[in-house]
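To start, the structure itself, in structure tokens.
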Amino acid sequence: MAINPSVPELNQTTLDCLDEIDTKKIIEKFVKTAIKLLGADFGFMFWRLGDDNSYSLFYRTQNTPYKPDLPRKHGYNYRASKGKTPYFVSKPIKSVSKHMESLIIIPIFYKNHPYGNIVICFKNKRIFNNDDRVLSRAIGNATAQVLTIHELYFELRNFKNRMDKSLDSIFIFNTSNFRIEYANKGAQRQLGFNQREFSTKTFFEIQPKVDRLTFRKQLLPLTFKRVEAITIETTLHTKKRENIPVELFIQLTDSLDGSHKFLCTVRDLTHHKKAEKEAQKLLRQKDEFFNIASHELKTPVTTIRGFAQILTKNLSSSDSKTKYFLDKINTQVNKLGHLVNELLDVSRIETGKIKFETKKVELHRLTSQSIENLKVAINSHKLSFTGKERFWLRGDAERIERVIINLVTNAVKYSPPKSQIKVCLKKAGKFARIEVDDSGVGIKKDDQHKIFKRFFQSRSSSRENFPGLGLGLYIANTIVKWHKGSIGFKNKKQGTTFFFMLPFYKYAKIDDNG
Amino acid sequence: MQKLMITDRKNMNQKNIFIVEDDPDICELISIILTEEKYKVKTFLDSNKVEGEIKKLKPSLIIMDLWMSGISGDILTKKLKSQKTTKSIPIILISANNSLEKLACQAKADAFLPKPFNIKDLLSVVRRFV
């Protein structure tokens, strides 16, 4: 701070302004001091706006006889600012000559940062000497220094205020000994220590499960500037000896003096962990429920199916009517069993408990056998299969068959009786592609993005309900994705072609001998 | 030779098969299926009474449900398989439980049959042992 021993009044003004929080009052004090020391009559201050040499009138003494015009470009103010030294005008300026004869323009600069110009005015003509020059320069310097301190103080205060108001805990700690140099109010609230207590601790001391060496190792990538920030999940120890789960976000910051500090933002994970535990508990309960529900549902299915089969076995061949009724019972019971399995699969998918086998599968054989089995069960439609290539892949044969059955079952459900359903297997680059083609209702545009979602069911325009839980395509999608394949559909003029593709590792064409 | 074979088959089918199942309808169902195939069966709705009867009747096969109100099927299987006098009796675990295969393996059961099952699947697995 520039203290001029020969101008005690200027020094006093400087010291008084250090406690001043109002910028206007600071300028007022310096302008009035300048008027007094230089023997002037009135004065004002222009505040510089931006880099383009424009100003606004910030302050004028009460006795300023006119409203000063804003400085013109390349006028006296410009010259003073460019030279960074006071500019003295002894001859009258035409436009304001009735108010003043001389003036001094004192630029206020601190380390190339311009604040503006103080203008000191003399009603009578004045010849300026060296003392005036020295004094004017001292006034400019003192004003600039006070304004800079003032600015920095407010920036720091605002910054600290924001840090303290932050709901996150913020720490600054030393890079070599990890001593805590700053902890915001959030950190003090969270852990229960005050700033003084924190300053006696190191950052790893407040982490009960981490020692100095481990913590240093964790911060190495940051210390060597290999990363910009690191995130660590850990626990912090409170004054009440409780441990709270947190996530640390740590950055390395540079100070103006070249020193480095760690800046750490702490996010409390207590609620997050609680929610995670709750979610896991719900998943477990859901899984348990599905297991019990499926067990309970399968029990009566076992009984009905078993007795229906006994009756079928004991029927005489001439009793075709009873056989027909029993076939109906068998079909519906199988359907029920199938639905229970679907519900169970969905539960397993959602809880991540579904398991897939990885065995060699030959897709042509699997598909043709599935279609033959389906032909026995499906009398209502004409089902056909074509494929002239064999594909070998590693996967779960039973689950792949489930996809084929799902797609064919959907085709049957959504297309008119006696219509054709064509299944074909062909090569598509590195993938085996199975297509199921029907001439049914097709998929409405609004539904197209939803069909692989859980419980989705299409409704026709006649509000007809199609049976099922809406899980088949959701399950099929999961199975295909697990096999690193893809599933999709194409709408045609009449009907839809559903397809799925699976990657194979071996392929061969089937000759006429098979 | 043929006569001997027929007699043997008749004798085989007269061997006792224990059905341990707390659901009376399923118990009856399995009993009917096996009886129609000329097997001799004894049913238990209460799994706690099985051990005592095993010593008396020495069954050729036990078909046991997994989840029962008394001692559960996998625990009883483990127990029988750990005893010298009963470990050679084949045990088939049946259940609607989704982890049946794993539990049957852990209990050292000789086979498992998931519910709901077809008659032919039940008979096929029974014929492996009697």
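Residues are named by chain letter and number: chains run A, B, ... in the order of the structure tokens, numbers start at 1 in each chain, and ligands are numbered from 1 in the order shown.
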>> I need the contact residues of chain B against chain A, so if you could list those with any atom within 7 Å, counting only C-alpha atoms, and return them as a count of residues only, that would help.
In response: 10
What are the DSSP helix (DSSP H, G or I) residues of stretch 39-186 of chain A, as a compact mmCIF listing (two decimals) with all heavy atoms, in the first residue's frame?
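result27.txt, freshly written:
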# COMPACT_ATOMS: atom_id res chain seq x y z
N TYR A 76 -9.21 14.47 -23.95
CA TYR A 76 -8.23 14.56 -22.87
C TYR A 76 -8.26 13.29 -22.01
O TYR A 76 -7.20 12.80 -21.56
CB TYR A 76 -8.52 15.77 -21.98
CG TYR A 76 -8.29 17.09 -22.68
CD1 TYR A 76 -9.23 18.12 -22.60
CD2 TYR A 76 -7.13 17.31 -23.43
CE1 TYR A 76 -9.02 19.32 -23.23
CE2 TYR A 76 -6.93 18.51 -24.08
CZ TYR A 76 -7.87 19.52 -23.98
OH TYR A 76 -7.67 20.72 -24.61
N ASN A 77 -9.45 12.78 -21.77
CA ASN A 77 -9.55 11.57 -20.95
C ASN A 77 -8.83 10.41 -21.60
O ASN A 77 -8.18 9.59 -20.94
CB ASN A 77 -11.02 11.21 -20.74
CG ASN A 77 -11.63 12.00 -19.60
OD1 ASN A 77 -11.44 11.67 -18.42
ND2 ASN A 77 -12.34 13.07 -19.91
N TYR A 78 -8.95 10.32 -22.89
CA TYR A 78 -8.29 9.25 -23.64
C TYR A 78 -6.78 9.37 -23.50
O TYR A 78 -6.09 8.38 -23.26
CB TYR A 78 -8.71 9.35 -25.11
CG TYR A 78 -7.94 8.43 -26.03
CD1 TYR A 78 -8.21 7.07 -26.07
CD2 TYR A 78 -6.91 8.94 -26.84
CE1 TYR A 78 -7.50 6.23 -26.90
CE2 TYR A 78 -6.20 8.10 -27.67
CZ TYR A 78 -6.49 6.75 -27.71
OH TYR A 78 -5.78 5.92 -28.54
N ARG A 79 -6.31 10.61 -23.61
CA ARG A 79 -4.86 10.80 -23.51
C ARG A 79 -4.35 10.44 -22.12
O ARG A 79 -3.29 9.85 -21.98
CB ARG A 79 -4.51 12.26 -23.80
CG ARG A 79 -4.68 12.61 -25.26
CD ARG A 79 -4.30 14.03 -25.52
NE ARG A 79 -5.15 14.58 -26.56
CZ ARG A 79 -5.12 15.85 -26.97
NH1 ARG A 79 -4.29 16.71 -26.41
NH2 ARG A 79 -5.92 16.26 -27.92
N ALA A 80 -5.14 10.79 -21.10
CA ALA A 80 -4.71 10.48 -19.73
C ALA A 80 -4.68 8.97 -19.53
O ALA A 80 -3.73 8.41 -18.96
CB ALA A 80 -5.66 11.12 -18.73
N SER A 81 -5.72 8.30 -20.01
CA SER A 81 -5.80 6.84 -19.83
C SER A 81 -4.69 6.15 -20.58
O SER A 81 -4.08 5.20 -20.10
CB SER A 81 -7.13 6.32 -20.35
OG SER A 81 -8.18 6.90 -19.63
N LYS A 82 -4.39 6.62 -21.78
CA LYS A 82 -3.36 5.97 -22.60
C LYS A 82 -2.00 6.15 -21.95
O LYS A 82 -1.21 5.21 -21.89
CB LYS A 82 -3.36 6.59 -24.00
CG LYS A 82 -2.70 5.69 -25.03
CD LYS A 82 -2.78 6.24 -26.43
CE LYS A 82 -1.94 5.33 -27.32
NZ LYS A 82 -1.58 5.99 -28.55
N GLY A 83 -1.75 7.33 -21.47
CA GLY A 83 -0.46 7.59 -20.84
C GLY A 83 -0.33 7.04 -19.44
O GLY A 83 0.75 6.88 -18.91
N LYS A 94 -13.46 25.45 -24.57
CA LYS A 94 -14.56 26.31 -25.03
C LYS A 94 -15.90 25.90 -24.45
O LYS A 94 -16.63 26.70 -23.90
CB LYS A 94 -14.63 26.25 -26.56
CG LYS A 94 -13.88 27.36 -27.25
CD LYS A 94 -14.18 27.36 -28.74
CE LYS A 94 -13.13 28.22 -29.42
NZ LYS A 94 -13.04 27.96 -30.82
N SER A 95 -16.20 24.61 -24.54
CA SER A 95 -17.55 24.15 -24.18
C SER A 95 -17.87 24.37 -22.71
O SER A 95 -19.02 24.52 -22.33
CB SER A 95 -17.69 22.68 -24.55
OG SER A 95 -16.67 21.94 -23.92
N VAL A 96 -16.84 24.35 -21.86
CA VAL A 96 -17.12 24.49 -20.42
C VAL A 96 -16.39 25.70 -19.84
O VAL A 96 -16.25 25.81 -18.61
CB VAL A 96 -16.72 23.20 -19.65
CG1 VAL A 96 -17.61 22.05 -20.06
CG2 VAL A 96 -15.26 22.86 -19.88
N ASN A 130 5.46 20.94 -10.44
CA ASN A 130 5.86 19.55 -10.21
C ASN A 130 5.15 18.95 -9.01
O ASN A 130 4.81 17.75 -9.00
CB ASN A 130 7.38 19.49 -10.02
CG ASN A 130 7.86 18.06 -10.27
OD1 ASN A 130 7.52 17.44 -11.28
ND2 ASN A 130 8.62 17.54 -9.35
N ASP A 131 4.93 19.77 -7.98
CA ASP A 131 4.22 19.27 -6.79
C ASP A 131 2.82 18.79 -7.14
O ASP A 131 2.36 17.76 -6.63
CB ASP A 131 4.09 20.39 -5.74
CG ASP A 131 5.42 20.64 -5.04
OD1 ASP A 131 6.35 19.78 -5.21
OD2 ASP A 131 5.55 21.65 -4.34
N ASP A 132 2.21 19.54 -8.05
CA ASP A 132 0.86 19.14 -8.49
C ASP A 132 0.92 17.78 -9.19
O ASP A 132 0.05 16.92 -9.00
CB ASP A 132 0.27 20.16 -9.46
CG ASP A 132 0.01 21.50 -8.80
OD1 ASP A 132 -0.36 21.51 -7.60
OD2 ASP A 132 0.16 22.54 -9.47
N ARG A 133 1.99 17.62 -9.98
CA ARG A 133 2.14 16.36 -10.72
C ARG A 133 2.32 15.18 -9.76
O ARG A 133 1.69 14.14 -9.88
CB ARG A 133 3.33 16.44 -11.67
CG ARG A 133 3.02 17.23 -12.92
CD ARG A 133 4.21 17.29 -13.87
NE ARG A 133 3.84 17.93 -15.11
CZ ARG A 133 3.54 19.22 -15.27
NH1 ARG A 133 3.61 20.04 -14.27
NH2 ARG A 133 3.18 19.71 -16.45
N VAL A 134 3.20 15.38 -8.78
CA VAL A 134 3.50 14.29 -7.81
C VAL A 134 2.25 13.97 -7.01
O VAL A 134 1.91 12.79 -6.80
CB VAL A 134 4.67 14.72 -6.90
CG1 VAL A 134 4.82 13.76 -5.73
CG2 VAL A 134 5.97 14.80 -7.69
N LEU A 135 1.56 15.02 -6.59
CA LEU A 135 0.37 14.82 -5.75
C LEU A 135 -0.74 14.11 -6.54
O LEU A 135 -1.37 13.18 -6.04
CB LEU A 135 -0.12 16.18 -5.25
CG LEU A 135 -1.22 16.18 -4.19
CD1 LEU A 135 -0.84 15.33 -2.99
CD2 LEU A 135 -1.51 17.62 -3.74
N SER A 136 -0.92 14.55 -7.77
CA SER A 136 -1.98 13.95 -8.61
C SER A 136 -1.70 12.47 -8.83
O SER A 136 -2.60 11.63 -8.76
CB SER A 136 -2.07 14.65 -9.96
OG SER A 136 -2.34 16.02 -9.79
N ARG A 137 -0.42 12.16 -9.09
CA ARG A 137 -0.05 10.75 -9.31
C ARG A 137 -0.33 9.94 -8.03
O ARG A 137 -0.86 8.82 -8.09
CB ARG A 137 1.43 10.68 -9.67
CG ARG A 137 1.78 9.45 -10.51
CD ARG A 137 3.28 9.35 -10.70
NE ARG A 137 3.75 10.43 -11.54
CZ ARG A 137 4.09 10.29 -12.83
NH1 ARG A 137 4.02 9.13 -13.41
NH2 ARG A 137 4.49 11.33 -13.52
N ALA A 138 0.04 10.51 -6.86
CA ALA A 138 -0.17 9.82 -5.58
C ALA A 138 -1.65 9.57 -5.34
O ALA A 138 -2.07 8.50 -4.88
CB ALA A 138 0.42 10.63 -4.43
N ILE A 139 -2.48 10.56 -5.69
CA ILE A 139 -3.94 10.41 -5.52
C ILE A 139 -4.45 9.28 -6.40
O ILE A 139 -5.23 8.43 -5.97
CB ILE A 139 -4.67 11.74 -5.84
CG1 ILE A 139 -4.37 12.78 -4.76
CG2 ILE A 139 -6.18 11.51 -5.96
CD1 ILE A 139 -4.75 14.21 -5.15
N GLY A 140 -4.00 9.24 -7.64
CA GLY A 140 -4.42 8.19 -8.58
C GLY A 140 -4.04 6.81 -8.07
O GLY A 140 -4.84 5.87 -8.07
N ASN A 141 -2.79 6.67 -7.61
CA ASN A 141 -2.30 5.37 -7.13
C ASN A 141 -3.07 4.91 -5.91
O ASN A 141 -3.46 3.75 -5.80
CB ASN A 141 -0.81 5.45 -6.77
CG ASN A 141 0.05 5.51 -8.02
OD1 ASN A 141 -0.40 5.19 -9.11
ND2 ASN A 141 1.29 5.97 -7.87
N ALA A 142 -3.25 5.83 -4.95
CA ALA A 142 -3.94 5.46 -3.70
C ALA A 142 -5.37 5.03 -3.99
O ALA A 142 -5.85 4.02 -3.46
CB ALA A 142 -3.92 6.64 -2.73
N THR A 143 -6.05 5.77 -4.87
CA THR A 143 -7.44 5.43 -5.21
C THR A 143 -7.50 4.04 -5.85
O THR A 143 -8.35 3.22 -5.51
CB THR A 143 -8.03 6.47 -6.19
OG1 THR A 143 -7.73 7.79 -5.73
CG2 THR A 143 -9.53 6.31 -6.33
N ALA A 144 -6.57 3.78 -6.79
CA ALA A 144 -6.56 2.50 -7.50
C ALA A 144 -6.32 1.35 -6.54
O ALA A 144 -6.98 0.31 -6.61
CB ALA A 144 -5.47 2.51 -8.58
N GLN A 145 -5.39 1.52 -5.61
CA GLN A 145 -5.08 0.43 -4.68
C GLN A 145 -6.27 0.12 -3.78
O GLN A 145 -6.60 -1.05 -3.54
CB GLN A 145 -3.86 0.80 -3.84
CG GLN A 145 -2.57 0.66 -4.64
CD GLN A 145 -1.35 1.10 -3.86
OE1 GLN A 145 -1.43 1.44 -2.68
NE2 GLN A 145 -0.21 1.14 -4.53
N VAL A 146 -6.91 1.17 -3.29
CA VAL A 146 -8.06 0.94 -2.41
C VAL A 146 -9.19 0.26 -3.18
O VAL A 146 -9.83 -0.68 -2.68
CB VAL A 146 -8.55 2.28 -1.79
CG1 VAL A 146 -9.89 2.09 -1.11
CG2 VAL A 146 -7.52 2.80 -0.80
N LEU A 147 -9.41 0.69 -4.42
CA LEU A 147 -10.48 0.07 -5.22
C LEU A 147 -10.18 -1.41 -5.47
O LEU A 147 -11.08 -2.27 -5.45
CB LEU A 147 -10.65 0.79 -6.56
CG LEU A 147 -11.35 2.15 -6.51
CD1 LEU A 147 -11.39 2.79 -7.89
CD2 LEU A 147 -12.78 2.02 -5.98
N THR A 148 -8.92 -1.74 -5.70
CA THR A 148 -8.52 -3.13 -5.96
C THR A 148 -8.75 -3.99 -4.73
O THR A 148 -9.31 -5.09 -4.82
CB THR A 148 -7.04 -3.19 -6.38
OG1 THR A 148 -6.87 -2.37 -7.54
CG2 THR A 148 -6.61 -4.61 -6.71
N ILE A 149 -8.31 -3.46 -3.57
CA ILE A 149 -8.49 -4.23 -2.33
C ILE A 149 -9.99 -4.45 -2.09
O ILE A 149 -10.43 -5.55 -1.73
CB ILE A 149 -7.88 -3.48 -1.13
CG1 ILE A 149 -6.35 -3.53 -1.27
CG2 ILE A 149 -8.31 -4.09 0.20
CD1 ILE A 149 -5.64 -2.61 -0.31
N HIS A 150 -10.73 -3.40 -2.31
CA HIS A 150 -12.18 -3.43 -2.13
C HIS A 150 -12.81 -4.50 -3.01
O HIS A 150 -13.63 -5.32 -2.59
CB HIS A 150 -12.70 -2.03 -2.49
CG HIS A 150 -14.15 -1.87 -2.25
ND1 HIS A 150 -15.05 -1.82 -3.30
CD2 HIS A 150 -14.87 -1.73 -1.12
CE1 HIS A 150 -16.28 -1.66 -2.79
NE2 HIS A 150 -16.18 -1.60 -1.49
N GLU A 151 -12.38 -4.51 -4.27
CA GLU A 151 -12.90 -5.48 -5.24
C GLU A 151 -12.56 -6.91 -4.82
O GLU A 151 -13.41 -7.80 -4.82
CB GLU A 151 -12.25 -5.19 -6.60
CG GLU A 151 -13.09 -5.62 -7.79
CD GLU A 151 -12.46 -5.15 -9.08
OE1 GLU A 151 -11.43 -5.75 -9.47
OE2 GLU A 151 -12.99 -4.19 -9.68
N LEU A 152 -11.30 -7.11 -4.45
CA LEU A 152 -10.85 -8.44 -4.04
C LEU A 152 -11.59 -8.91 -2.81
O LEU A 152 -11.97 -10.07 -2.69
CB LEU A 152 -9.35 -8.43 -3.76
CG LEU A 152 -8.44 -8.43 -4.99
CD1 LEU A 152 -7.00 -8.22 -4.59
CD2 LEU A 152 -8.59 -9.73 -5.78
N TYR A 153 -11.76 -7.98 -1.88
CA TYR A 153 -12.45 -8.31 -0.63
C TYR A 153 -13.87 -8.78 -0.93
O TYR A 153 -14.32 -9.80 -0.40
CB TYR A 153 -12.46 -7.08 0.28
CG TYR A 153 -13.39 -7.24 1.46
CD1 TYR A 153 -13.06 -8.08 2.52
CD2 TYR A 153 -14.62 -6.57 1.50
CE1 TYR A 153 -13.93 -8.25 3.59
CE2 TYR A 153 -15.49 -6.73 2.56
CZ TYR A 153 -15.15 -7.55 3.60
OH TYR A 153 -16.00 -7.72 4.65
N PHE A 154 -14.53 -8.06 -1.83
CA PHE A 154 -15.90 -8.45 -2.14
C PHE A 154 -15.98 -9.75 -2.90
O PHE A 154 -16.87 -10.57 -2.68
CB PHE A 154 -16.63 -7.33 -2.92
CG PHE A 154 -17.33 -6.41 -2.00
CD1 PHE A 154 -16.78 -5.19 -1.67
CD2 PHE A 154 -18.53 -6.79 -1.39
CE1 PHE A 154 -17.42 -4.35 -0.78
CE2 PHE A 154 -19.17 -5.96 -0.49
CZ PHE A 154 -18.61 -4.73 -0.18
N GLU A 155 -15.02 -9.93 -3.78
CA GLU A 155 -15.00 -11.20 -4.53
C GLU A 155 -14.82 -12.36 -3.57
O GLU A 155 -15.50 -13.39 -3.68
CB GLU A 155 -13.82 -11.18 -5.52
CG GLU A 155 -14.25 -10.86 -6.93
CD GLU A 155 -13.11 -10.95 -7.92
OE1 GLU A 155 -12.36 -11.94 -7.86
OE2 GLU A 155 -12.98 -10.01 -8.73
N LEU A 156 -13.88 -12.17 -2.64
CA LEU A 156 -13.61 -13.23 -1.67
C LEU A 156 -14.80 -13.46 -0.77
O LEU A 156 -15.18 -14.61 -0.49
CB LEU A 156 -12.40 -12.80 -0.83
CG LEU A 156 -11.72 -13.91 -0.03
CD1 LEU A 156 -11.14 -14.93 -0.99
CD2 LEU A 156 -10.59 -13.32 0.81
N ARG A 157 -15.40 -12.36 -0.35
CA ARG A 157 -16.56 -12.48 0.55
C ARG A 157 -17.72 -13.18 -0.16
O ARG A 157 -18.38 -14.04 0.40
CB ARG A 157 -17.00 -11.09 1.01
CG ARG A 157 -17.44 -11.08 2.47
CD ARG A 157 -17.77 -9.73 2.92
NE ARG A 157 -19.09 -9.33 2.46
CZ ARG A 157 -19.78 -8.35 3.02
NH1 ARG A 157 -19.29 -7.70 4.04
NH2 ARG A 157 -20.95 -8.00 2.54
N ASN A 158 -17.95 -12.80 -1.41
CA ASN A 158 -19.01 -13.44 -2.19
C ASN A 158 -18.72 -14.91 -2.41
O ASN A 158 -19.59 -15.76 -2.29
CB ASN A 158 -19.19 -12.76 -3.55
CG ASN A 158 -19.92 -11.44 -3.41
OD1 ASN A 158 -20.63 -11.23 -2.44
ND2 ASN A 158 -19.74 -10.56 -4.38
N PHE A 159 -17.45 -15.16 -2.72
CA PHE A 159 -17.04 -16.55 -2.95
C PHE A 159 -17.24 -17.37 -1.69
O PHE A 159 -17.82 -18.46 -1.73
CB PHE A 159 -15.58 -16.58 -3.39
CG PHE A 159 -15.03 -17.97 -3.55
CD1 PHE A 159 -15.42 -18.77 -4.60
CD2 PHE A 159 -14.14 -18.48 -2.62
CE1 PHE A 159 -14.93 -20.06 -4.75
CE2 PHE A 159 -13.64 -19.77 -2.76
CZ PHE A 159 -14.04 -20.56 -3.82
N LYS A 160 -16.77 -16.82 -0.58
CA LYS A 160 -16.92 -17.55 0.70
C LYS A 160 -18.39 -17.73 1.05
O LYS A 160 -18.81 -18.78 1.52
CB LYS A 160 -16.19 -16.80 1.81
CG LYS A 160 -16.10 -17.62 3.10
CD LYS A 160 -15.30 -16.95 4.18
CE LYS A 160 -15.23 -17.82 5.44
NZ LYS A 160 -16.53 -18.13 6.02
N ASN A 161 -19.17 -16.70 0.77
CA ASN A 161 -20.61 -16.76 1.03
C ASN A 161 -21.26 -17.87 0.22
O ASN A 161 -22.06 -18.66 0.72
CB ASN A 161 -21.22 -15.41 0.63
CG ASN A 161 -22.48 -15.15 1.39
OD1 ASN A 161 -22.61 -15.53 2.55
ND2 ASN A 161 -23.44 -14.53 0.74
N ARG A 162 -20.86 -17.94 -1.04
CA ARG A 162 -21.42 -18.99 -1.90
C ARG A 162 -20.96 -20.36 -1.42
O ARG A 162 -21.74 -21.31 -1.41
CB ARG A 162 -20.99 -18.78 -3.35
CG ARG A 162 -21.82 -17.73 -4.04
CD ARG A 162 -21.57 -17.63 -5.52
NE ARG A 162 -21.88 -16.27 -5.92
CZ ARG A 162 -21.00 -15.37 -6.29
NH1 ARG A 162 -19.73 -15.67 -6.36
NH2 ARG A 162 -21.37 -14.15 -6.60
N MET A 163 -19.71 -20.46 -1.05
CA MET A 163 -19.18 -21.73 -0.55
C MET A 163 -19.94 -22.14 0.71
O MET A 163 -20.30 -23.30 0.88
CB MET A 163 -17.69 -21.60 -0.18
CG MET A 163 -16.81 -21.29 -1.36
SD MET A 163 -16.08 -22.79 -2.05
CE MET A 163 -14.55 -22.83 -1.14
N ASP A 164 -20.17 -21.16 1.60
CA ASP A 164 -20.84 -21.48 2.86
C ASP A 164 -22.31 -21.82 2.64
O ASP A 164 -22.86 -22.62 3.37
CB ASP A 164 -20.72 -20.30 3.83
CG ASP A 164 -19.36 -20.27 4.52
OD1 ASP A 164 -18.69 -21.33 4.53
OD2 ASP A 164 -18.96 -19.21 5.02
N LYS A 165 -22.90 -21.20 1.62
CA LYS A 165 -24.33 -21.46 1.38
C LYS A 165 -24.53 -22.77 0.64
O LYS A 165 -25.62 -23.30 0.57
CB LYS A 165 -24.95 -20.32 0.59
CG LYS A 165 -25.22 -19.13 1.47
CD LYS A 165 -26.19 -18.15 0.85
CE LYS A 165 -26.55 -17.13 1.93
NZ LYS A 165 -26.79 -15.84 1.40
N LYS A 185 -19.16 -23.99 5.62
CA LYS A 185 -20.18 -24.18 6.67
C LYS A 185 -20.90 -25.51 6.47
O LYS A 185 -21.31 -26.16 7.43
CB LYS A 185 -21.21 -23.03 6.63
CG LYS A 185 -20.64 -21.69 7.07
CD LYS A 185 -21.20 -21.28 8.43
CE LYS A 185 -20.32 -20.27 9.14
NZ LYS A 185 -20.29 -18.94 8.54
N GLY A 186 -21.05 -25.90 5.20
CA GLY A 186 -21.70 -27.18 4.91
C GLY A 186 -20.94 -28.34 5.53
O GLY A 186 -21.51 -29.25 6.13
> Excluding same-chain residues fewer than 6 positions from stretch 349-366 of chain A, what lies within 10 Å of it counting only C-alpha atoms, as a VMD selection string?
Replying inline: chain A and resid 280 282 to 284 286 to 287 343 385 to 401 404 424 to 426 432 to 434 474 to 475 478 to 479 482 to 483 502 504 506 to 507 510
>> When DSSP is applied to the backbone of this structure, which of stretch 96-292 of chain A are assigned strand (DSSP E)? Write them out as number ranges by chain.
In response: A: 102-110, 113-122, 169-174, 180-183, 229-237, 243-254, 260-268
>> Please compute the atom CA of A:Gln188-atom CA of A:Lys209 distance, one decimal, in Å.
In response: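 One can read the atom CA of A:Gln188 to atom CA of A:Lys209 distance as 20.3 Å.
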